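A.B. asks: Structure file work08.pdb (PDB, C-alpha atoms, pLDDT in the B column) right here:
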ATOM      1  CA  LYS U   3     -19.976 -28.378  34.443  1.00 37.00           C
ATOM      2  CA  VAL U   4     -19.176 -26.847  31.050  1.00 43.00           C
ATOM      3  CA  ILE U   5     -21.706 -26.828  28.228  1.00 40.00           C
ATOM      4  CA  SER U   6     -20.497 -27.665  24.750  1.00 43.00           C
ATOM      5  CA  TRP U   7     -22.606 -26.310  21.901  1.00 44.00           C
ATOM      6  CA  LYS U   8     -21.066 -28.471  19.181  1.00 47.00           C
ATOM      7  CA  ASP U   9     -23.871 -31.047  19.159  1.00 40.00           C
ATOM      8  CA  ALA U  10     -26.730 -28.677  19.963  1.00 43.00           C
ATOM      9  CA  PRO U  11     -29.527 -28.523  17.379  1.00 46.00           C
ATOM     10  CA  GLU U  12     -28.770 -24.814  17.011  1.00 50.00           C
ATOM     11  CA  ARG U  13     -25.017 -24.162  16.922  1.00 49.00           C
ATOM     12  CA  GLY U  14     -25.087 -21.781  19.861  1.00 51.00           C
ATOM     13  CA  ASP U  15     -22.903 -19.077  18.351  1.00 54.00           C
ATOM     14  CA  ALA U  16     -23.502 -15.334  18.697  1.00 50.00           C
ATOM     15  CA  VAL U  17     -25.505 -15.144  15.444  1.00 53.00           C
ATOM     16  CA  ASP U  18     -27.937 -17.841  16.628  1.00 54.00           C
ATOM     17  CA  PHE U  19     -28.283 -16.102  19.960  1.00 51.00           C
ATOM     18  CA  LEU U  20     -29.081 -12.768  18.314  1.00 51.00           C
ATOM     19  CA  GLU U  21     -31.466 -14.359  15.804  1.00 54.00           C
ATOM     20  CA  ILE U  22     -33.601 -15.747  18.607  1.00 52.00           C
ATOM     21  CA  GLY U  23     -33.724 -12.450  20.425  1.00 53.00           C
ATOM     22  CA  GLY U  24     -30.764 -12.588  22.779  1.00 56.00           C
ATOM     23  CA  THR U  25     -32.935 -13.288  25.815  1.00 58.00           C
ATOM     24  CA  ALA U  26     -32.876 -15.735  28.729  1.00 60.00           C
ATOM     25  CA  ASP U  27     -35.423 -17.801  26.788  1.00 58.00           C
ATOM     26  CA  GLY U  28     -32.968 -17.761  23.899  1.00 55.00           C
ATOM     27  CA  VAL U  29     -30.237 -19.177  26.125  1.00 56.00           C
ATOM     28  CA  ARG U  30     -32.602 -21.952  27.256  1.00 62.00           C
ATOM     29  CA  LYS U  31     -33.358 -22.783  23.601  1.00 60.00           C
ATOM     30  CA  LEU U  32     -29.645 -22.932  22.807  1.00 57.00           C
ATOM     31  CA  MET U  33     -29.050 -25.215  25.790  1.00 61.00           C
ATOM     32  CA  GLU U  34     -31.737 -27.708  24.774  1.00 65.00           C
ATOM     33  CA  GLY U  35     -29.959 -30.785  23.519  1.00 57.00           C
ATOM     34  CA  ALA U  36     -26.492 -29.455  24.297  1.00 55.00           C
ATOM     35  CA  GLU U  37     -23.944 -31.971  25.487  1.00 53.00           C
ATOM     36  CA  VAL U  38     -22.790 -31.398  29.067  1.00 51.00           C
ATOM     37  CA  LEU U  39     -19.114 -32.159  29.597  1.00 49.00           C
ATOM     38  CA  ASP U  40     -17.270 -32.737  32.836  1.00 53.00           C
ATOM     39  CA  VAL U  41     -14.392 -30.294  33.388  1.00 51.00           C
ATOM     40  CA  ASN U  42     -12.031 -33.188  34.141  1.00 54.00           C
ATOM     41  CA  HIS U  43     -12.776 -34.582  30.687  1.00 54.00           C
ATOM     42  CA  LEU U  44     -11.815 -31.238  29.135  1.00 51.00           C
ATOM     43  CA  HIS U  45      -8.560 -31.092  31.100  1.00 49.00           C
ATOM     44  CA  SER U  46      -7.518 -34.609  30.095  1.00 52.00           C
ATOM     45  CA  GLN U  47      -7.896 -33.589  26.440  1.00 54.00           C
ATOM     46  CA  HIS U  48      -5.715 -30.476  26.898  1.00 51.00           C
ATOM     47  CA  GLU U  49      -2.975 -31.457  29.324  1.00 60.00           C
ATOM     48  CA  SER U  50      -0.405 -29.196  27.653  1.00 69.00           C
ATOM     49  CA  GLY U  51      -2.752 -26.205  27.445  1.00 76.00           C
ATOM     50  CA  PRO U  52      -4.487 -23.987  29.959  1.00 85.00           C
ATOM     51  CA  THR U  53      -6.126 -25.552  32.971  1.00 87.00           C
ATOM     52  CA  LEU U  54      -9.151 -24.681  35.048  1.00 90.00           C
ATOM     53  CA  VAL U  55      -8.258 -23.683  38.613  1.00 90.00           C
ATOM     54  CA  HIS U  56     -10.119 -22.556  41.696  1.00 90.00           C
ATOM     55  CA  LEU U  57      -9.050 -19.068  42.699  1.00 94.00           C
ATOM     56  CA  ARG U  58      -8.920 -20.280  46.294  1.00 93.00           C
ATOM     57  CA  ASP U  59      -5.841 -22.260  45.199  1.00 94.00           C
ATOM     58  CA  VAL U  60      -4.106 -19.205  43.686  1.00 94.00           C
ATOM     59  CA  GLU U  61      -1.709 -17.285  45.936  1.00 95.00           C
ATOM     60  CA  PRO U  62      -2.186 -13.537  45.422  1.00 94.00           C
ATOM     61  CA  GLU U  63       0.948 -11.621  44.437  1.00 93.00           C
ATOM     62  CA  ASN U  64       1.802  -7.979  44.849  1.00 93.00           C
ATOM     63  CA  VAL U  65       2.365  -6.182  41.573  1.00 93.00           C
ATOM     64  CA  LYS U  66       5.532  -4.111  41.234  1.00 91.00           C
ATOM     65  CA  TRP U  67       5.199  -1.012  39.108  1.00 91.00           C
ATOM     66  CA  LEU U  68       7.404   0.811  36.666  1.00 91.00           C
ATOM     67  CA  SER U  69       4.763   3.563  36.701  1.00 90.00           C
ATOM     68  CA  TYR U  70       1.753   3.115  38.990  1.00 89.00           C
ATOM     69  CA  PRO U  71      -0.976   2.348  37.920  1.00 90.00           C
ATOM     70  CA  TYR U  72      -0.095   2.321  34.230  1.00 89.00           C
ATOM     71  CA  ILE U  73       2.985   0.164  33.624  1.00 91.00           C
ATOM     72  CA  PRO U  74       3.382  -2.971  35.746  1.00 91.00           C
ATOM     73  CA  ARG U  75       6.790  -4.642  35.885  1.00 89.00           C
ATOM     74  CA  ARG U  76       7.132  -8.091  34.289  1.00 87.00           C
ATOM     75  CA  LYS U  77       3.779  -7.684  32.519  1.00 89.00           C
ATOM     76  CA  LEU U  78       2.660  -6.503  29.115  1.00 88.00           C
ATOM     77  CA  ALA U  79       1.662  -2.853  28.773  1.00 90.00           C
ATOM     78  CA  MET U  80       0.762  -1.314  25.422  1.00 90.00           C
ATOM     79  CA  ILE U  81       0.760   2.237  24.144  1.00 90.00           C
ATOM     80  CA  GLU U  82      -1.741   2.545  21.313  1.00 89.00           C
ATOM     81  CA  GLY U  83      -2.549   5.497  19.109  1.00 89.00           C
ATOM     82  CA  ASP U  84      -2.598   6.980  15.655  1.00 89.00           C
ATOM     83  CA  PRO U  85       0.628   7.215  13.649  1.00 88.00           C
ATOM     84  CA  GLY U  86       2.831  10.200  14.426  1.00 89.00           C
ATOM     85  CA  VAL U  87       1.453  11.038  17.887  1.00 93.00           C
ATOM     86  CA  GLY U  88       4.641  10.114  19.784  1.00 92.00           C
ATOM     87  CA  LYS U  89       4.305   6.475  20.849  1.00 92.00           C
ATOM     88  CA  SER U  90       7.926   5.697  19.931  1.00 93.00           C
ATOM     89  CA  PHE U  91       9.106   8.870  21.679  1.00 94.00           C
ATOM     90  CA  ILE U  92       7.259   7.847  24.858  1.00 95.00           C
ATOM     91  CA  GLY U  93       8.858   4.395  24.718  1.00 94.00           C
ATOM     92  CA  GLU U  94      12.296   5.965  24.377  1.00 96.00           C
ATOM     93  CA  ALA U  95      11.547   8.358  27.255  1.00 96.00           C
ATOM     94  CA  ILE U  96      10.603   5.354  29.417  1.00 96.00           C
ATOM     95  CA  ALA U  97      13.838   3.611  28.407  1.00 97.00           C
ATOM     96  CA  THR U  98      15.768   6.779  29.311  1.00 97.00           C
ATOM     97  CA  ALA U  99      14.166   6.981  32.756  1.00 96.00           C
ATOM     98  CA  VAL U 100      14.891   3.305  33.433  1.00 96.00           C
ATOM     99  CA  THR U 101      18.567   3.639  32.448  1.00 97.00           C
ATOM    100  CA  LEU U 102      18.994   6.730  34.638  1.00 97.00           C
ATOM    101  CA  GLY U 103      17.107   5.330  37.605  1.00 96.00           C
ATOM    102  CA  ARG U 104      14.529   8.080  37.425  1.00 95.00           C
ATOM    103  CA  GLY U 105      11.067   7.291  38.651  1.00 90.00           C
ATOM    104  CA  LEU U 106       8.328   7.631  36.097  1.00 89.00           C
ATOM    105  CA  PRO U 107       5.335   9.802  37.039  1.00 85.00           C
ATOM    106  CA  GLY U 108       4.004   8.785  40.428  1.00 82.00           C
ATOM    107  CA  MET U 109       7.101   6.749  41.303  1.00 90.00           C
ATOM    108  CA  ASP U 110      10.261   7.377  43.322  1.00 92.00           C
ATOM    109  CA  ASP U 111      13.700   7.197  41.793  1.00 92.00           C
ATOM    110  CA  ARG U 112      14.946   3.652  41.513  1.00 92.00           C
ATOM    111  CA  GLU U 113      18.021   1.585  40.772  1.00 95.00           C
ATOM    112  CA  ARG U 114      19.379   2.054  37.265  1.00 97.00           C
ATOM    113  CA  GLU U 115      18.491  -0.773  34.894  1.00 96.00           C
ATOM    114  CA  ASP U 116      19.106  -1.695  31.281  1.00 97.00           C
ATOM    115  CA  ALA U 117      16.595  -1.256  28.470  1.00 97.00           C
ATOM    116  CA  LEU U 118      16.087  -3.440  25.410  1.00 96.00           C
ATOM    117  CA  ILE U 119      14.572  -1.837  22.301  1.00 95.00           C
ATOM    118  CA  LEU U 120      13.178  -3.587  19.236  1.00 92.00           C
ATOM    119  CA  SER U 121      12.159  -1.237  16.452  1.00 90.00           C
ATOM    120  CA  ALA U 122      10.898  -2.216  13.024  1.00 87.00           C
ATOM    121  CA  GLU U 123      10.292   1.351  11.843  1.00 86.00           C
ATOM    122  CA  ASP U 124      12.882   3.757  13.256  1.00 90.00           C
ATOM    123  CA  GLY U 125      16.584   3.555  12.444  1.00 92.00           C
ATOM    124  CA  LEU U 126      19.005   3.010  15.297  1.00 95.00           C
ATOM    125  CA  ALA U 127      21.563   5.544  14.014  1.00 95.00           C
ATOM    126  CA  ASP U 128      19.310   8.278  12.622  1.00 96.00           C
ATOM    127  CA  THR U 129      16.358   8.250  15.028  1.00 95.00           C
ATOM    128  CA  ILE U 130      16.646   6.135  18.166  1.00 96.00           C
ATOM    129  CA  ARG U 131      20.228   6.970  19.225  1.00 97.00           C
ATOM    130  CA  PRO U 132      19.818  10.736  18.616  1.00 97.00           C
ATOM    131  CA  ARG U 133      16.572  10.787  20.612  1.00 97.00           C
ATOM    132  CA  LEU U 134      18.100   8.862  23.508  1.00 98.00           C
ATOM    133  CA  ASP U 135      21.160  11.148  23.473  1.00 98.00           C
ATOM    134  CA  ALA U 136      18.919  14.237  23.511  1.00 98.00           C
ATOM    135  CA  MET U 137      16.981  12.815  26.468  1.00 97.00           C
ATOM    136  CA  GLY U 138      20.216  12.083  28.339  1.00 97.00           C
ATOM    137  CA  ALA U 139      19.816   8.291  28.447  1.00 98.00           C
ATOM    138  CA  ASP U 140      22.671   6.187  29.788  1.00 98.00           C
ATOM    139  CA  ILE U 141      23.554   4.722  26.397  1.00 98.00           C
ATOM    140  CA  ASP U 142      25.758   2.075  28.055  1.00 98.00           C
ATOM    141  CA  ARG U 143      22.531   0.591  29.462  1.00 98.00           C
ATOM    142  CA  VAL U 144      20.524   0.598  26.209  1.00 98.00           C
ATOM    143  CA  HIS U 145      20.544  -2.470  23.976  1.00 97.00           C
ATOM    144  CA  ALA U 146      18.765  -2.797  20.645  1.00 95.00           C
ATOM    145  CA  ILE U 147      17.956  -5.644  18.343  1.00 90.00           C
ATOM    146  CA  ASP U 148      19.027  -4.523  14.900  1.00 85.00           C
ATOM    147  CA  GLY U 149      16.299  -5.375  12.411  1.00 74.00           C
ATOM    148  CA  PRO U 150      12.683  -6.487  12.610  1.00 74.00           C
ATOM    149  CA  MET U 151      11.796  -9.631  14.527  1.00 79.00           C
ATOM    150  CA  ASP U 152       9.211 -12.217  13.662  1.00 81.00           C
ATOM    151  CA  PHE U 153       7.861 -13.866  16.812  1.00 80.00           C
ATOM    152  CA  SER U 154       7.098 -17.051  14.918  1.00 80.00           C
ATOM    153  CA  HIS U 155       9.747 -19.323  13.414  1.00 79.00           C
ATOM    154  CA  GLY U 156      11.948 -19.144  16.515  1.00 82.00           C
ATOM    155  CA  GLY U 157      11.869 -15.362  16.914  1.00 85.00           C
ATOM    156  CA  LEU U 158      10.244 -15.483  20.338  1.00 87.00           C
ATOM    157  CA  GLU U 159      12.958 -17.831  21.570  1.00 90.00           C
ATOM    158  CA  ILE U 160      15.608 -15.441  20.232  1.00 88.00           C
ATOM    159  CA  LEU U 161      13.974 -12.564  22.106  1.00 90.00           C
ATOM    160  CA  GLU U 162      13.807 -14.659  25.288  1.00 92.00           C
ATOM    161  CA  GLY U 163      17.541 -15.337  24.927  1.00 92.00           C
ATOM    162  CA  TYR U 164      18.307 -11.610  24.617  1.00 93.00           C
ATOM    163  CA  VAL U 165      16.120 -10.855  27.652  1.00 94.00           C
ATOM    164  CA  GLU U 166      17.944 -13.543  29.670  1.00 94.00           C
ATOM    165  CA  THR U 167      21.301 -12.088  28.585  1.00 94.00           C
ATOM    166  CA  VAL U 168      20.519  -8.384  29.129  1.00 95.00           C
ATOM    167  CA  ARG U 169      18.040  -8.719  32.066  1.00 95.00           C
ATOM    168  CA  PRO U 170      16.447  -5.359  31.156  1.00 96.00           C
ATOM    169  CA  GLY U 171      14.143  -3.361  33.383  1.00 95.00           C
ATOM    170  CA  VAL U 172      12.018  -2.641  30.328  1.00 95.00           C
ATOM    171  CA  VAL U 173      11.605  -4.107  26.838  1.00 94.00           C
ATOM    172  CA  ILE U 174      10.231  -1.706  24.227  1.00 94.00           C
ATOM    173  CA  ILE U 175       8.778  -3.366  21.112  1.00 91.00           C
ATOM    174  CA  ASP U 176       7.941  -0.728  18.514  1.00 87.00           C
ATOM    175  CA  PRO U 177       5.621  -1.573  16.878  1.00 80.00           C
ATOM    176  CA  LEU U 178       4.047  -4.842  17.908  1.00 71.00           C
ATOM    177  CA  PHE U 179       2.086  -6.299  15.021  1.00 65.00           C
TER     178      PHE U 179
END
Can you present the structure in this file as structure tokens?
C.D. replies:
Amino acid sequence: KVISWKDAPERGDAVDFLEIGGTADGVRKLMEGAEVLDVNHLHSQHESGPTLVHLRDVEPENVKWLSYPYIPRRKLAMIEGDPGVGKSFIGEAIATAVTLGRGLPGMDDREREDALILSAEDGLADTIRPRLDAMGADIDRVHAIDGPMDFSHGGLEILEGYVETVRPGVVIIDPLF
């Protein structure tokens, strides 16, 4: 069962919980009068959205790594930090390693793959290409989207089309905001 707080006498949000002391007694007070919904009812209202599943019904998969245990393949990995500390440089170094088939730290060498770079801040001709050349990247395997992308208004579909066309081993989005 899932408890919905929408009809509870006290709304049941974090502020209410903190105001009544944030204790087990507080949870009981929040639950008094709350509507109890059946999970199947929730699913029927959200058939196009996420669903509730039992983990017993989920087949475990092995994760493949670009760099174990930091960068999984076919998953999102983010490099975060203050401006000017080298996040873009690290992304370009990863792209270089992928295009040359070099294993990243902790990994064996691998098959050469393409890289796809999206950059909204650095110029392709004056920053990205010179860095990749200096690192020895296989430029024939590096693709870039020229200009910033907006992931709304069809931008995500455009990116998906480029990924389907290029089939890169890594996609670098710099920055993601």
A.B. asks: So that I can see what lies close to Phe153 (chain U), please list as a PDB file with C-alpha atoms, in the frame of the given file the residues with an atom at most 12 Å from it, counting all atoms listed in the file and leaving out residues fewer than 3 positions away in the same chain.
C.D. replies:
ATOM      1  CA  LEU U 120      13.178  -3.587  19.236  1.00 92.00           C
ATOM      2  CA  PRO U 150      12.683  -6.487  12.610  1.00 74.00           C
ATOM      3  CA  GLY U 156      11.948 -19.144  16.515  1.00 82.00           C
ATOM      4  CA  GLY U 157      11.869 -15.362  16.914  1.00 85.00           C
ATOM      5  CA  LEU U 158      10.244 -15.483  20.338  1.00 87.00           C
ATOM      6  CA  GLU U 159      12.958 -17.831  21.570  1.00 90.00           C
ATOM      7  CA  ILE U 160      15.608 -15.441  20.232  1.00 88.00           C
ATOM      8  CA  LEU U 161      13.974 -12.564  22.106  1.00 90.00           C
ATOM      9  CA  GLU U 162      13.807 -14.659  25.288  1.00 92.00           C
ATOM     10  CA  ILE U 175       8.778  -3.366  21.112  1.00 91.00           C
ATOM     11  CA  LEU U 178       4.047  -4.842  17.908  1.00 71.00           C
ATOM     12  CA  PHE U 179       2.086  -6.299  15.021  1.00 65.00           C
TER      13      PHE U 179
END
A.B. asks: Please give the centre and size of the box around region 104-118 of chain U (axis-aligned, containing every atom listed in the file, 4 Å added per side), with values in Å to one decimal and written as lines of an AutoDock Vina configuration file.
C.D. replies:
center_x = 11.7
center_y = 3.2
center_z = 34.4
size_x = 23.4
size_y = 21.2
size_z = 25.9
A.B. asks: Ranking U:Asp128, U:Ile119, U:Glu61, U:His56 by minimum distance to Glu94 (chain U) and counting all atoms listed in the file, which one comes first?
C.D. replies: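 Checking each of U:Asp128, U:Ile119, U:Glu61, U:His56 against Glu94 (chain U), counting all atoms listed in the file, the winner is U:Ile119.
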A.B. asks: Translate the PyMOL selection byres ((chain U and resi 98) around 10), as applied to the file shown, into an explicit residue set as a list in words.
C.D. replies: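 For this structure, the PyMOL selection byres ((chain U and resi 98) around 10) resolves to Ile92, Gly93, Glu94, Ala95, Ile96, Ala97, Ala99, Val100, Thr101, Leu102, Gly103, Arg104, Arg114, Glu115, Asp116, Ala117, Arg133, Leu134, Asp135, Ala136, Met137, Gly138, Ala139, Asp140, Ile141, Arg143 and Val144 of chain U.
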A.B. asks: Residues of the last selection are to be written out with C-alpha atoms, as a PDB file, keeping the file's coordinate frame.
C.D. replies:
ATOM      1  CA  ILE U  92       7.259   7.847  24.858  1.00 95.00           C
ATOM      2  CA  GLY U  93       8.858   4.395  24.718  1.00 94.00           C
ATOM      3  CA  GLU U  94      12.296   5.965  24.377  1.00 96.00           C
ATOM      4  CA  ALA U  95      11.547   8.358  27.255  1.00 96.00           C
ATOM      5  CA  ILE U  96      10.603   5.354  29.417  1.00 96.00           C
ATOM      6  CA  ALA U  97      13.838   3.611  28.407  1.00 97.00           C
ATOM      7  CA  ALA U  99      14.166   6.981  32.756  1.00 96.00           C
ATOM      8  CA  VAL U 100      14.891   3.305  33.433  1.00 96.00           C
ATOM      9  CA  THR U 101      18.567   3.639  32.448  1.00 97.00           C
ATOM     10  CA  LEU U 102      18.994   6.730  34.638  1.00 97.00           C
ATOM     11  CA  GLY U 103      17.107   5.330  37.605  1.00 96.00           C
ATOM     12  CA  ARG U 104      14.529   8.080  37.425  1.00 95.00           C
ATOM     13  CA  ARG U 114      19.379   2.054  37.265  1.00 97.00           C
ATOM     14  CA  GLU U 115      18.491  -0.773  34.894  1.00 96.00           C
ATOM     15  CA  ASP U 116      19.106  -1.695  31.281  1.00 97.00           C
ATOM     16  CA  ALA U 117      16.595  -1.256  28.470  1.00 97.00           C
ATOM     17  CA  ARG U 133      16.572  10.787  20.612  1.00 97.00           C
ATOM     18  CA  LEU U 134      18.100   8.862  23.508  1.00 98.00           C
ATOM     19  CA  ASP U 135      21.160  11.148  23.473  1.00 98.00           C
ATOM     20  CA  ALA U 136      18.919  14.237  23.511  1.00 98.00           C
ATOM     21  CA  MET U 137      16.981  12.815  26.468  1.00 97.00           C
ATOM     22  CA  GLY U 138      20.216  12.083  28.339  1.00 97.00           C
ATOM     23  CA  ALA U 139      19.816   8.291  28.447  1.00 98.00           C
ATOM     24  CA  ASP U 140      22.671   6.187  29.788  1.00 98.00           C
ATOM     25  CA  ILE U 141      23.554   4.722  26.397  1.00 98.00           C
ATOM     26  CA  ARG U 143      22.531   0.591  29.462  1.00 98.00           C
ATOM     27  CA  VAL U 144      20.524   0.598  26.209  1.00 98.00           C
TER      28      VAL U 144
END
A.B. asks: Do you know which residues are at most 9 Å from Tyr70 (chain U) counting only C-alpha atoms, after dropping those on the same chain fewer than 6 positions away, and could you put them as a list in words?
C.D. replies: Leu106, Pro107, Gly108 and Met109 of chain U
A.B. asks: Can you spit out the residues from that selection as a PDB file, keeping the file's coordinate frame, using C-alpha atoms?
C.D. replies:
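result-v5.pdb, freshly written:
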ATOM      1  CA  LEU U 106       8.328   7.631  36.097  1.00 89.00           C
ATOM      2  CA  PRO U 107       5.335   9.802  37.039  1.00 85.00           C
ATOM      3  CA  GLY U 108       4.004   8.785  40.428  1.00 82.00           C
ATOM      4  CA  MET U 109       7.101   6.749  41.303  1.00 90.00           C
TER       5      MET U 109
END
A.B. asks: Would you mind putting back N, CA, C and O atoms on region 110-125 of chain U, then writing it out as a short mmCIF file (atom, residue, chain, number, x, y, z; two decimals), keeping the file's coordinate frame?
C.D. replies:
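What ended up in rebuild_33.cif:
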data_model
loop_
_atom_site.label_atom_id
_atom_site.label_comp_id
_atom_site.auth_asym_id
_atom_site.auth_seq_id
_atom_site.Cartn_x
_atom_site.Cartn_y
_atom_site.Cartn_z
N ASP U 110 8.98 6.88 42.82
CA ASP U 110 10.26 7.38 43.32
C ASP U 110 11.38 6.96 42.39
O ASP U 110 11.23 6.02 41.60
N ASP U 111 12.53 7.63 42.54
CA ASP U 111 13.70 7.20 41.79
C ASP U 111 14.03 5.77 42.19
O ASP U 111 13.66 5.31 43.27
N ARG U 112 14.71 5.08 41.34
CA ARG U 112 14.95 3.65 41.51
C ARG U 112 16.37 3.31 41.12
O ARG U 112 17.11 4.17 40.65
N GLU U 113 16.72 2.06 41.23
CA GLU U 113 18.02 1.58 40.77
C GLU U 113 18.07 1.65 39.25
O GLU U 113 17.08 1.36 38.57
N ARG U 114 19.22 2.02 38.72
CA ARG U 114 19.38 2.05 37.26
C ARG U 114 19.27 0.64 36.70
O ARG U 114 19.78 -0.31 37.30
N GLU U 115 18.63 0.52 35.56
CA GLU U 115 18.49 -0.77 34.89
C GLU U 115 18.74 -0.60 33.40
O GLU U 115 18.72 0.51 32.87
N ASP U 116 18.93 -1.71 32.72
CA ASP U 116 19.11 -1.70 31.28
C ASP U 116 17.75 -1.65 30.58
O ASP U 116 16.72 -1.99 31.17
N ALA U 117 17.78 -1.26 29.32
CA ALA U 117 16.60 -1.26 28.47
C ALA U 117 16.93 -2.01 27.20
O ALA U 117 18.06 -1.95 26.70
N LEU U 118 15.94 -2.71 26.67
CA LEU U 118 16.09 -3.44 25.41
C LEU U 118 15.04 -2.90 24.45
O LEU U 118 13.85 -2.86 24.78
N ILE U 119 15.47 -2.44 23.28
CA ILE U 119 14.57 -1.84 22.30
C ILE U 119 14.57 -2.66 21.03
O ILE U 119 15.62 -3.01 20.50
N LEU U 120 13.37 -2.96 20.54
CA LEU U 120 13.18 -3.59 19.24
C LEU U 120 12.37 -2.59 18.42
O LEU U 120 11.29 -2.18 18.83
N SER U 121 12.89 -2.18 17.29
CA SER U 121 12.16 -1.24 16.45
C SER U 121 12.18 -1.71 15.01
O SER U 121 13.25 -1.97 14.45
N ALA U 122 11.01 -1.80 14.42
CA ALA U 122 10.90 -2.22 13.02
C ALA U 122 10.74 -1.02 12.10
O ALA U 122 10.75 -1.17 10.89
N GLU U 123 10.57 0.18 12.68
CA GLU U 123 10.29 1.35 11.84
C GLU U 123 11.39 2.41 11.91
O GLU U 123 11.76 2.97 10.89
N ASP U 124 11.90 2.68 13.09
CA ASP U 124 12.88 3.76 13.26
C ASP U 124 14.30 3.20 13.19
O ASP U 124 14.59 2.14 13.74
N GLY U 125 15.19 3.96 12.54
CA GLY U 125 16.58 3.56 12.44
C GLY U 125 17.31 3.77 13.76
O GLY U 125 17.05 4.74 14.47
#
